[in-house]
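Raw contents of protein.cif, mmCIF, C-alpha atoms:
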data_final
#
loop_
_atom_site.label_atom_id
_atom_site.label_comp_id
_atom_site.auth_asym_id
_atom_site.auth_seq_id
_atom_site.Cartn_x
_atom_site.Cartn_y
_atom_site.Cartn_z
CA MET A 1381 99.55 32.45 28.86
CA VAL A 1382 101.78 32.36 31.93
CA SER A 1383 99.48 34.53 34.02
CA TRP A 1384 96.37 32.63 32.94
CA ALA A 1385 98.04 29.28 33.72
CA GLU A 1386 98.72 30.33 37.34
CA PRO A 1387 101.76 28.06 37.73
CA LYS A 1388 102.55 27.04 41.29
CA GLY A 1389 106.29 26.52 40.84
CA ASP A 1390 106.43 22.76 41.44
CA GLU A 1391 104.60 21.50 38.36
CA THR A 1392 105.35 19.76 35.07
CA LEU A 1393 104.40 21.25 31.71
CA LEU A 1394 104.06 19.94 28.16
CA ASP A 1395 104.45 22.43 25.31
CA ILE A 1396 102.98 21.05 22.07
CA ALA A 1397 104.26 22.23 18.66
CA THR A 1398 106.94 24.23 20.44
CA GLY A 1399 108.64 25.44 17.26
CA THR A 1400 111.85 27.10 18.40
CA GLY A 1401 110.75 26.90 22.02
CA PHE A 1402 109.63 30.38 22.99
CA THR A 1403 106.48 29.37 24.89
CA ALA A 1404 108.48 26.79 26.82
CA PHE A 1405 111.13 29.41 27.60
CA ALA A 1406 108.46 31.80 28.92
CA PHE A 1407 107.31 29.17 31.43
CA ALA A 1408 110.76 27.87 32.40
CA SER A 1409 111.07 30.05 35.52
CA TYR A 1410 107.59 29.12 36.76
CA VAL A 1411 107.53 25.30 36.69
CA THR A 1412 109.85 22.47 37.68
CA ASP A 1413 110.12 20.54 34.42
CA ILE A 1414 109.04 21.07 30.82
CA ILE A 1415 108.86 18.70 27.89
CA ALA A 1416 108.58 20.54 24.57
CA ILE A 1417 107.66 18.64 21.42
CA ASP A 1418 107.48 19.46 17.74
CA ILE A 1419 106.95 17.34 14.64
CA THR A 1420 109.87 19.03 12.83
CA PRO A 1421 113.36 17.84 13.92
CA GLU A 1422 114.99 21.04 12.61
CA MET A 1423 112.79 23.14 14.91
CA ILE A 1424 113.77 20.99 17.88
CA GLU A 1425 117.46 21.42 17.09
CA GLN A 1426 117.05 25.21 16.95
CA ALA A 1427 115.14 25.19 20.24
CA LYS A 1428 117.87 23.15 21.90
CA SER A 1429 120.50 25.62 20.70
CA ILE A 1430 118.55 28.63 21.99
CA ALA A 1431 117.96 26.92 25.37
CA LEU A 1432 121.70 26.24 25.63
CA ASP A 1433 122.53 29.87 24.84
CA ARG A 1434 120.04 31.05 27.48
CA ARG A 1435 121.27 28.48 30.01
CA ILE A 1436 117.78 27.06 30.48
CA THR A 1437 118.21 23.59 31.93
CA ASN A 1438 114.73 22.40 32.94
CA ILE A 1439 113.40 21.80 29.39
CA SER A 1440 113.79 18.59 27.42
CA PHE A 1441 112.96 18.60 23.71
CA GLN A 1442 111.48 15.75 21.71
CA VAL A 1443 110.19 15.14 18.22
CA GLY A 1444 106.51 14.28 18.56
CA GLU A 1445 103.03 14.57 17.05
CA SER A 1446 100.25 16.62 18.59
CA GLU A 1447 97.58 14.03 17.77
CA ARG A 1448 99.50 11.09 19.28
CA LEU A 1449 101.28 12.13 22.45
CA ALA A 1450 103.85 9.62 23.66
CA PHE A 1451 103.11 10.15 27.36
CA LYS A 1452 101.17 8.33 30.05
CA ASP A 1453 97.76 9.42 31.26
CA ASN A 1454 97.69 12.22 33.88
CA SER A 1455 101.37 13.12 33.30
CA PHE A 1456 101.27 16.94 33.26
CA ASN A 1457 99.85 19.77 35.36
CA ILE A 1458 99.87 22.24 32.44
CA VAL A 1459 99.70 21.75 28.67
CA THR A 1460 100.34 24.64 26.29
CA CYS A 1461 100.03 25.16 22.54
CA ARG A 1462 100.68 28.54 20.92
CA ILE A 1463 99.97 29.60 17.32
CA ALA A 1464 100.25 26.12 15.86
CA ALA A 1465 96.88 24.37 15.98
CA HIS A 1466 95.78 25.79 12.62
CA HIS A 1467 98.31 23.34 11.12
CA PHE A 1468 96.86 20.26 12.88
CA ALA A 1469 95.09 17.75 10.64
CA ASP A 1470 93.00 16.26 13.46
CA VAL A 1471 92.15 18.80 16.14
CA LYS A 1472 89.71 16.48 17.89
CA SER A 1473 92.44 13.89 18.44
CA PHE A 1474 94.79 16.64 19.61
CA LEU A 1475 92.30 17.84 22.23
CA ASN A 1476 91.50 14.30 23.37
CA GLU A 1477 95.21 13.66 23.82
CA VAL A 1478 95.64 16.91 25.78
CA LYS A 1479 92.87 15.86 28.15
CA ARG A 1480 94.35 12.37 28.52
CA VAL A 1481 97.86 13.52 29.50
CA LEU A 1482 96.63 16.28 31.83
CA ALA A 1483 96.35 15.40 35.51
CA PRO A 1484 92.90 15.96 37.04
CA GLY A 1485 92.57 19.67 37.70
CA GLY A 1486 95.33 20.38 35.17
CA ARG A 1487 95.21 23.43 32.91
CA PHE A 1488 95.29 23.64 29.13
CA LEU A 1489 96.37 26.95 27.56
CA LEU A 1490 95.72 27.48 23.86
CA VAL A 1491 96.54 30.48 21.69
CA ASP A 1492 95.89 30.47 17.96
CA SER A 1493 95.06 32.86 15.16
CA CYS A 1494 91.36 33.14 14.46
CA SER A 1495 88.73 35.13 12.59
CA PRO A 1496 85.81 37.14 13.92
CA GLU A 1497 82.51 35.24 14.17
CA ASP A 1498 81.69 35.67 10.49
CA ARG A 1499 81.94 32.75 8.08
CA GLU A 1500 82.60 34.93 5.03
CA ILE A 1501 85.54 36.62 6.77
CA ASN A 1502 86.72 33.23 8.00
CA ARG A 1503 86.66 31.80 4.46
CA TRP A 1504 88.74 34.73 3.16
CA HIS A 1505 91.21 34.33 6.01
CA ASN A 1506 91.66 30.60 5.48
CA HIS A 1507 91.92 31.01 1.70
CA ILE A 1508 94.85 33.42 1.85
CA GLU A 1509 96.56 31.48 4.64
CA LYS A 1510 96.33 28.25 2.62
CA LEU A 1511 97.57 30.03 -0.50
CA ARG A 1512 100.54 31.45 1.39
CA ASP A 1513 101.34 28.17 3.23
CA PRO A 1514 99.86 24.87 1.98
CA SER A 1515 100.49 23.29 5.42
CA HIS A 1516 97.76 25.55 6.83
CA VAL A 1517 94.61 23.58 7.70
CA THR A 1518 92.07 25.88 9.40
CA ASN A 1519 91.85 29.01 11.51
CA TYR A 1520 88.81 28.01 13.55
CA LEU A 1521 86.17 30.45 14.65
CA PRO A 1522 86.25 31.03 18.44
CA SER A 1523 82.82 29.41 18.76
CA VAL A 1524 84.16 26.30 17.03
CA TRP A 1525 87.11 26.14 19.44
CA LYS A 1526 84.68 26.41 22.34
CA GLY A 1527 82.61 23.53 21.04
CA LEU A 1528 85.60 21.31 20.26
CA ILE A 1529 87.22 21.85 23.67
CA GLU A 1530 83.98 21.20 25.52
CA GLU A 1531 83.38 18.09 23.39
CA SER A 1532 86.77 16.75 24.55
CA GLY A 1533 85.53 16.85 28.14
CA MET A 1534 87.58 19.81 29.35
CA VAL A 1535 85.86 22.79 30.96
CA ILE A 1536 86.59 26.29 29.66
CA GLU A 1537 87.45 28.65 32.50
CA LYS A 1538 88.48 31.69 30.42
CA MET A 1539 88.31 32.62 26.76
CA ASP A 1540 89.25 35.90 25.05
CA THR A 1541 89.51 37.11 21.46
CA GLU A 1542 90.18 40.80 22.16
CA LEU A 1543 93.28 40.60 24.36
CA CYS A 1544 95.95 39.87 21.74
CA ARG A 1545 96.66 40.20 18.03
CA THR A 1546 99.69 39.31 15.94
CA TYR A 1547 100.86 42.20 13.75
CA LEU A 1548 102.33 41.44 10.34
CA ASN A 1549 103.47 43.03 7.10
CA PHE A 1550 103.01 41.55 3.66
CA SER A 1551 106.67 41.42 2.64
CA ASP A 1552 107.87 39.53 5.72
CA TRP A 1553 104.77 37.33 5.84
CA THR A 1554 105.21 36.14 2.26
CA LYS A 1555 108.99 35.77 2.67
CA THR A 1556 108.69 33.50 5.71
CA GLY A 1557 105.99 31.55 3.85
CA GLY A 1558 108.42 30.90 0.98
CA CYS A 1559 105.92 32.30 -1.53
CA SER A 1560 106.68 32.33 -5.23
CA GLU A 1561 106.27 35.55 -7.20
CA LYS A 1562 103.08 34.15 -8.70
CA VAL A 1563 101.59 33.48 -5.25
CA LYS A 1564 102.71 36.91 -4.00
CA LYS A 1565 100.88 38.60 -6.87
CA GLU A 1566 97.73 36.59 -6.19
CA LEU A 1567 97.86 37.41 -2.47
CA LEU A 1568 98.52 41.08 -3.19
CA LEU A 1569 95.41 41.22 -5.37
CA LEU A 1570 93.32 39.56 -2.66
CA PHE A 1571 94.48 42.08 -0.04
CA ARG A 1572 93.94 45.09 -2.31
CA SER A 1573 90.51 43.93 -3.46
CA ALA A 1574 89.23 42.94 0.00
CA PRO A 1575 85.89 44.54 0.95
CA ARG A 1576 85.66 47.03 3.79
CA HIS A 1577 84.45 44.56 6.45
CA ILE A 1578 87.52 42.37 5.81
CA LEU A 1579 89.87 45.38 5.83
CA ASP A 1580 88.40 46.37 9.20
CA ALA A 1581 88.44 42.86 10.67
CA PHE A 1582 92.16 42.41 9.99
CA GLN A 1583 93.24 46.08 10.25
CA ILE A 1584 94.57 46.01 6.69
CA TYR A 1585 96.18 49.19 5.36
CA GLU A 1586 99.02 50.25 3.04
CA GLY A 1587 101.87 52.44 4.20
CA ASN A 1588 105.63 52.87 3.86
CA GLY A 1589 105.71 50.69 0.77
CA ASP A 1590 104.06 47.66 2.37
CA ILE A 1591 100.71 46.20 3.40
CA HIS A 1592 100.17 45.94 7.15
CA PHE A 1593 97.59 43.77 8.87
CA SER A 1594 96.89 41.76 12.01
CA TRP A 1595 95.27 38.47 12.93
CA PRO A 1596 93.12 38.23 16.05
CA LEU A 1597 94.25 35.59 18.55
CA VAL A 1598 91.97 33.39 20.59
CA LEU A 1599 93.28 32.65 24.09
CA VAL A 1600 91.68 29.78 26.01
CA LYS A 1601 92.19 28.32 29.46
CA ALA A 1602 90.48 24.98 30.01
CA ILE A 1603 90.53 22.61 32.97
CA LYS A 1604 90.47 18.82 33.11
CA PRO A 1605 87.77 17.96 35.67
CA GLN A 1606 88.83 16.38 38.94
#

Would you mind writing the file's structure down as structure tokens?
Amino acid sequence: MVSWAEPKGDETLLDIATGTGFTAFAFASYVTDIIAIDITPEMIEQAKSIALDRRITNISFQVGESERLAFKDNSFNIVTCRIAAHHFADVKSFLNEVKRVLAPGGRFLLVDSCSPEDREINRWHNHIEKLRDPSHVTNYLPSVWKGLIEESGMVIEKMDTELCRTYLNFSDWTKTGGCSEKVKKELLLLFRSAPRHILDAFQIYEGNGDIHFSWPLVLVKAIKPQ
């Protein structure tokens, strides 16, 4: 994300759905000021604590919603959002808000989990994600992201679905999702009964007493027109 953003060193950045702040921290040495927002106050408090421990001083943290950004038009040179948009209830409003707060010529960097361009695989992916975490909304197909971003009025400069994946194992994934034993059993059955094309799409295999898999990530760089 940092290399694709091509930061110039004297810019301002907004990190949306920052979580515990790691995308903001990655950019801290490359821009002048960062505002990092998240809808969950507990996440913001953790991010503040980590920033203090790392002595990062050019980031301010705020509680805020992705679909209603509390900032003036044309406020930021770069806007980022990493592995969070699948939780957003209104992605169109989110993208419209990103465009609004970006300065003309500003860059939007998005990373999120996705499925290959196959609606059956996408349905399976979203079903298990929703079962594991009811706050999940949708892992969009890359083609859908392309259409939504272009509909917002931003211009896609780069887009890649092969560059990055996030690698997971079943035990940690269900633990962090707070899954009940009933849900774990249901998920386990879905993984073990998945057809070959789904096993291949998500690199699902069993080994060392666990199920291992990976989600593809879509990486997008879009520009607000001058």

For the atom pair atom CA of A:Lys1472 and atom CA of A:Val1535, what is the interatomic distance in Å to one decimal place? 15.0 Å

I'd like to see the residues matched by the PyMOL selection byres ((chain A and resi 1511) around 10) on this file, and ideally I'd get them as a ChimeraX atom specification. /A:1506-1510,1512-1516,1557,1559,1563-1564,1566-1567

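Every protein or nucleic acid residue with an atom no more than 7 Å from stretch 1417-1430 of chain A, counting all atoms listed in the file and leaving out same-chain residues fewer than 5 positions away, appears here: Asp1395, Ile1396, Ala1397, Thr1398, Gly1399, Thr1400, Gly1401, Phe1441, Gln1442, Val1443, Gly1444 and Glu1445 of chain A.
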
For the atom pair atom CA of A:Val1598 and atom CA of A:Ala1416, what is the interatomic distance in Å to one decimal place? 21.4 Å

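As for atom CA of A:Thr1392 and atom CA of A:Pro1605, they are spaced 17.7 Å apart.
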
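With distances taken over all atoms listed in the file, A:Cys1544 is the one residue among A:Cys1544, A:Leu1489, A:Met1381, A:Ala1408 lying closest to A:Pro1596.
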
Residues selected by the PyMOL selection byres ((chain A and resi 1466) around 7), written as JSON, numbers by chain: {"A": [1464, 1465, 1467, 1468, 1516, 1517, 1518, 1519]}

Would you mind listing what lies within 12 Å of A:Asn1454 as a list in words, with all atoms listed in the file counted and same-chain residues fewer than 6 positions away left out? Thr1392, Leu1393, Leu1394, Glu1477, Val1478, Lys1479, Arg1480, Val1481, Leu1482, Ala1483, Pro1484, Gly1485, Gly1486, Arg1487, Lys1604, Pro1605 and Gln1606 of chain A

Proximity to A:Val1471 - best of A:Phe1405, A:Glu1561, A:Ser1532, A:Phe1456, only C-alpha atoms: A:Ser1532

Result set, the PyMOL selection byres ((chain A and resi 1577) around 12) on current file, as a PDB file with C-alpha atoms, keeping the file's coordinate frame:
ATOM      1  CA  PRO A1496      85.810  37.140  13.920  1.00  0.00           C
ATOM      2  CA  ASP A1498      81.690  35.670  10.490  1.00  0.00           C
ATOM      3  CA  GLU A1500      82.600  34.930   5.030  1.00  0.00           C
ATOM      4  CA  ILE A1501      85.540  36.620   6.770  1.00  0.00           C
ATOM      5  CA  ASN A1502      86.720  33.230   8.000  1.00  0.00           C
ATOM      6  CA  TRP A1504      88.740  34.730   3.160  1.00  0.00           C
ATOM      7  CA  SER A1573      90.510  43.930  -3.460  1.00  0.00           C
ATOM      8  CA  ALA A1574      89.230  42.940   0.000  1.00  0.00           C
ATOM      9  CA  PRO A1575      85.890  44.540   0.950  1.00  0.00           C
ATOM     10  CA  ARG A1576      85.660  47.030   3.790  1.00  0.00           C
ATOM     11  CA  ILE A1578      87.520  42.370   5.810  1.00  0.00           C
ATOM     12  CA  LEU A1579      89.870  45.380   5.830  1.00  0.00           C
ATOM     13  CA  ASP A1580      88.400  46.370   9.200  1.00  0.00           C
ATOM     14  CA  ALA A1581      88.440  42.860  10.670  1.00  0.00           C
ATOM     15  CA  PHE A1582      92.160  42.410   9.990  1.00  0.00           C
ATOM     16  CA  GLN A1583      93.240  46.080  10.250  1.00  0.00           C
ATOM     17  CA  ILE A1584      94.570  46.010   6.690  1.00  0.00           C
TER      18      ILE A1584
END

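Counting all atoms listed in the file, the residue from A:Glu1497, A:Met1534, A:Lys1601, A:Leu1568 that sits nearest to A:Glu1386 is A:Lys1601.
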
Hey, what's within 12 Å of A:Val1411 if we count all atoms listed in the file and toss same-chain stuff fewer than 5 positions away? As a list in words, please? Val1382, Ala1385, Glu1386, Pro1387, Lys1388, Gly1389, Asp1390, Glu1391, Thr1392, Leu1393, Leu1394, Ala1404, Phe1405, Ala1406, Thr1437, Asn1438, Ile1439, Phe1456, Asn1457, Ile1458 and Val1459 of chain A

Mind filling out stretch 1577-1588 of chain A with all heavy atoms and sending it as an mmCIF file, keeping the file's coordinate frame?
data_model
loop_
_atom_site.group_PDB
_atom_site.id
_atom_site.type_symbol
_atom_site.label_atom_id
_atom_site.label_comp_id
_atom_site.auth_asym_id
_atom_site.auth_seq_id
_atom_site.Cartn_x
_atom_site.Cartn_y
_atom_site.Cartn_z
ATOM 1 N N HIS A 1577 84.601 45.291 5.183
ATOM 2 C CA HIS A 1577 84.450 44.560 6.450
ATOM 3 C C HIS A 1577 85.649 43.641 6.701
ATOM 4 O O HIS A 1577 86.004 43.394 7.856
ATOM 5 C CB HIS A 1577 83.141 43.777 6.497
ATOM 6 C CG HIS A 1577 82.993 42.730 5.449
ATOM 7 N ND1 HIS A 1577 82.825 43.011 4.125
ATOM 8 C CD2 HIS A 1577 82.965 41.369 5.543
ATOM 9 C CE1 HIS A 1577 82.706 41.888 3.433
ATOM 10 N NE2 HIS A 1577 82.792 40.879 4.276
ATOM 11 N N ILE A 1578 86.315 43.173 5.637
ATOM 12 C CA ILE A 1578 87.520 42.370 5.810
ATOM 13 C C ILE A 1578 88.712 43.268 6.152
ATOM 14 O O ILE A 1578 89.530 42.936 7.025
ATOM 15 C CB ILE A 1578 87.784 41.509 4.565
ATOM 16 C CG1 ILE A 1578 86.750 40.369 4.516
ATOM 17 C CG2 ILE A 1578 89.211 40.945 4.556
ATOM 18 C CD1 ILE A 1578 86.828 39.486 3.301
ATOM 19 N N LEU A 1579 88.814 44.422 5.481
ATOM 20 C CA LEU A 1579 89.870 45.380 5.830
ATOM 21 C C LEU A 1579 89.791 45.759 7.313
ATOM 22 O O LEU A 1579 90.819 45.818 8.006
ATOM 23 C CB LEU A 1579 89.744 46.649 4.971
ATOM 24 C CG LEU A 1579 89.909 46.504 3.454
ATOM 25 C CD1 LEU A 1579 89.685 47.857 2.780
ATOM 26 C CD2 LEU A 1579 91.288 45.956 3.097
ATOM 27 N N ASP A 1580 88.575 45.992 7.792
ATOM 28 C CA ASP A 1580 88.400 46.370 9.200
ATOM 29 C C ASP A 1580 88.706 45.213 10.141
ATOM 30 O O ASP A 1580 89.344 45.410 11.187
ATOM 31 C CB ASP A 1580 86.964 46.859 9.427
ATOM 32 C CG ASP A 1580 86.670 48.179 8.740
ATOM 33 O OD1 ASP A 1580 87.637 48.880 8.362
ATOM 34 O OD2 ASP A 1580 85.484 48.501 8.571
ATOM 35 N N ALA A 1581 88.260 44.016 9.782
ATOM 36 C CA ALA A 1581 88.440 42.860 10.670
ATOM 37 C C ALA A 1581 89.911 42.567 10.913
ATOM 38 O O ALA A 1581 90.305 42.184 12.021
ATOM 39 C CB ALA A 1581 87.757 41.635 10.063
ATOM 40 N N PHE A 1582 90.743 42.760 9.883
ATOM 41 C CA PHE A 1582 92.160 42.410 9.990
ATOM 42 C C PHE A 1582 93.071 43.637 9.976
ATOM 43 O O PHE A 1582 94.285 43.510 9.826
ATOM 44 C CB PHE A 1582 92.541 41.437 8.882
ATOM 45 C CG PHE A 1582 91.770 40.147 8.944
ATOM 46 C CD1 PHE A 1582 90.957 39.754 7.893
ATOM 47 C CD2 PHE A 1582 91.818 39.339 10.076
ATOM 48 C CE1 PHE A 1582 90.234 38.566 7.953
ATOM 49 C CE2 PHE A 1582 91.095 38.162 10.149
ATOM 50 C CZ PHE A 1582 90.294 37.772 9.090
ATOM 51 N N GLN A 1583 92.483 44.826 10.153
ATOM 52 C CA GLN A 1583 93.240 46.080 10.250
ATOM 53 C C GLN A 1583 94.215 46.238 9.088
ATOM 54 O O GLN A 1583 95.381 46.592 9.271
ATOM 55 C CB GLN A 1583 93.978 46.133 11.603
ATOM 56 C CG GLN A 1583 93.059 46.030 12.808
ATOM 57 C CD GLN A 1583 93.809 46.030 14.130
ATOM 58 O OE1 GLN A 1583 94.999 45.716 14.196
ATOM 59 N NE2 GLN A 1583 93.122 46.389 15.201
ATOM 60 N N ILE A 1584 93.730 45.982 7.880
ATOM 61 C CA ILE A 1584 94.570 46.010 6.690
ATOM 62 C C ILE A 1584 94.701 47.444 6.175
ATOM 63 O O ILE A 1584 93.702 48.135 5.989
ATOM 64 C CB ILE A 1584 93.984 45.117 5.579
ATOM 65 C CG1 ILE A 1584 93.859 43.664 6.059
ATOM 66 C CG2 ILE A 1584 94.846 45.185 4.314
ATOM 67 C CD1 ILE A 1584 93.031 42.774 5.139
ATOM 68 N N TYR A 1585 95.954 47.873 5.975
ATOM 69 C CA TYR A 1585 96.180 49.190 5.360
ATOM 70 C C TYR A 1585 97.548 49.180 4.667
ATOM 71 O O TYR A 1585 98.415 48.346 4.966
ATOM 72 C CB TYR A 1585 96.130 50.306 6.409
ATOM 73 C CG TYR A 1585 97.291 50.323 7.387
ATOM 74 C CD1 TYR A 1585 98.405 51.137 7.155
ATOM 75 C CD2 TYR A 1585 97.281 49.519 8.523
ATOM 76 C CE1 TYR A 1585 99.475 51.153 8.050
ATOM 77 C CE2 TYR A 1585 98.342 49.529 9.411
ATOM 78 C CZ TYR A 1585 99.439 50.343 9.175
ATOM 79 O OH TYR A 1585 100.499 50.346 10.045
ATOM 80 N N GLU A 1586 97.739 50.106 3.734
ATOM 81 C CA GLU A 1586 99.020 50.250 3.040
ATOM 82 C C GLU A 1586 99.742 51.477 3.557
ATOM 83 O O GLU A 1586 99.135 52.533 3.777
ATOM 84 C CB GLU A 1586 98.810 50.359 1.529
ATOM 85 C CG GLU A 1586 98.353 49.066 0.876
ATOM 86 C CD GLU A 1586 98.544 49.051 -0.626
ATOM 87 O OE1 GLU A 1586 99.672 49.337 -1.097
ATOM 88 O OE2 GLU A 1586 97.566 48.740 -1.328
ATOM 89 N N GLY A 1587 101.051 51.329 3.746
ATOM 90 C CA GLY A 1587 101.870 52.440 4.200
ATOM 91 C C GLY A 1587 103.324 52.087 4.172
ATOM 92 O O GLY A 1587 103.698 50.918 4.351
ATOM 93 N N ASN A 1588 104.178 53.067 3.905
ATOM 94 C CA ASN A 1588 105.630 52.870 3.860
ATOM 95 C C ASN A 1588 106.028 51.734 2.917
ATOM 96 O O ASN A 1588 106.920 50.938 3.215
ATOM 97 C CB ASN A 1588 106.182 52.602 5.261
ATOM 98 C CG ASN A 1588 105.943 53.759 6.215
ATOM 99 O OD1 ASN A 1588 106.098 54.926 5.832
ATOM 100 N ND2 ASN A 1588 105.540 53.453 7.444
#
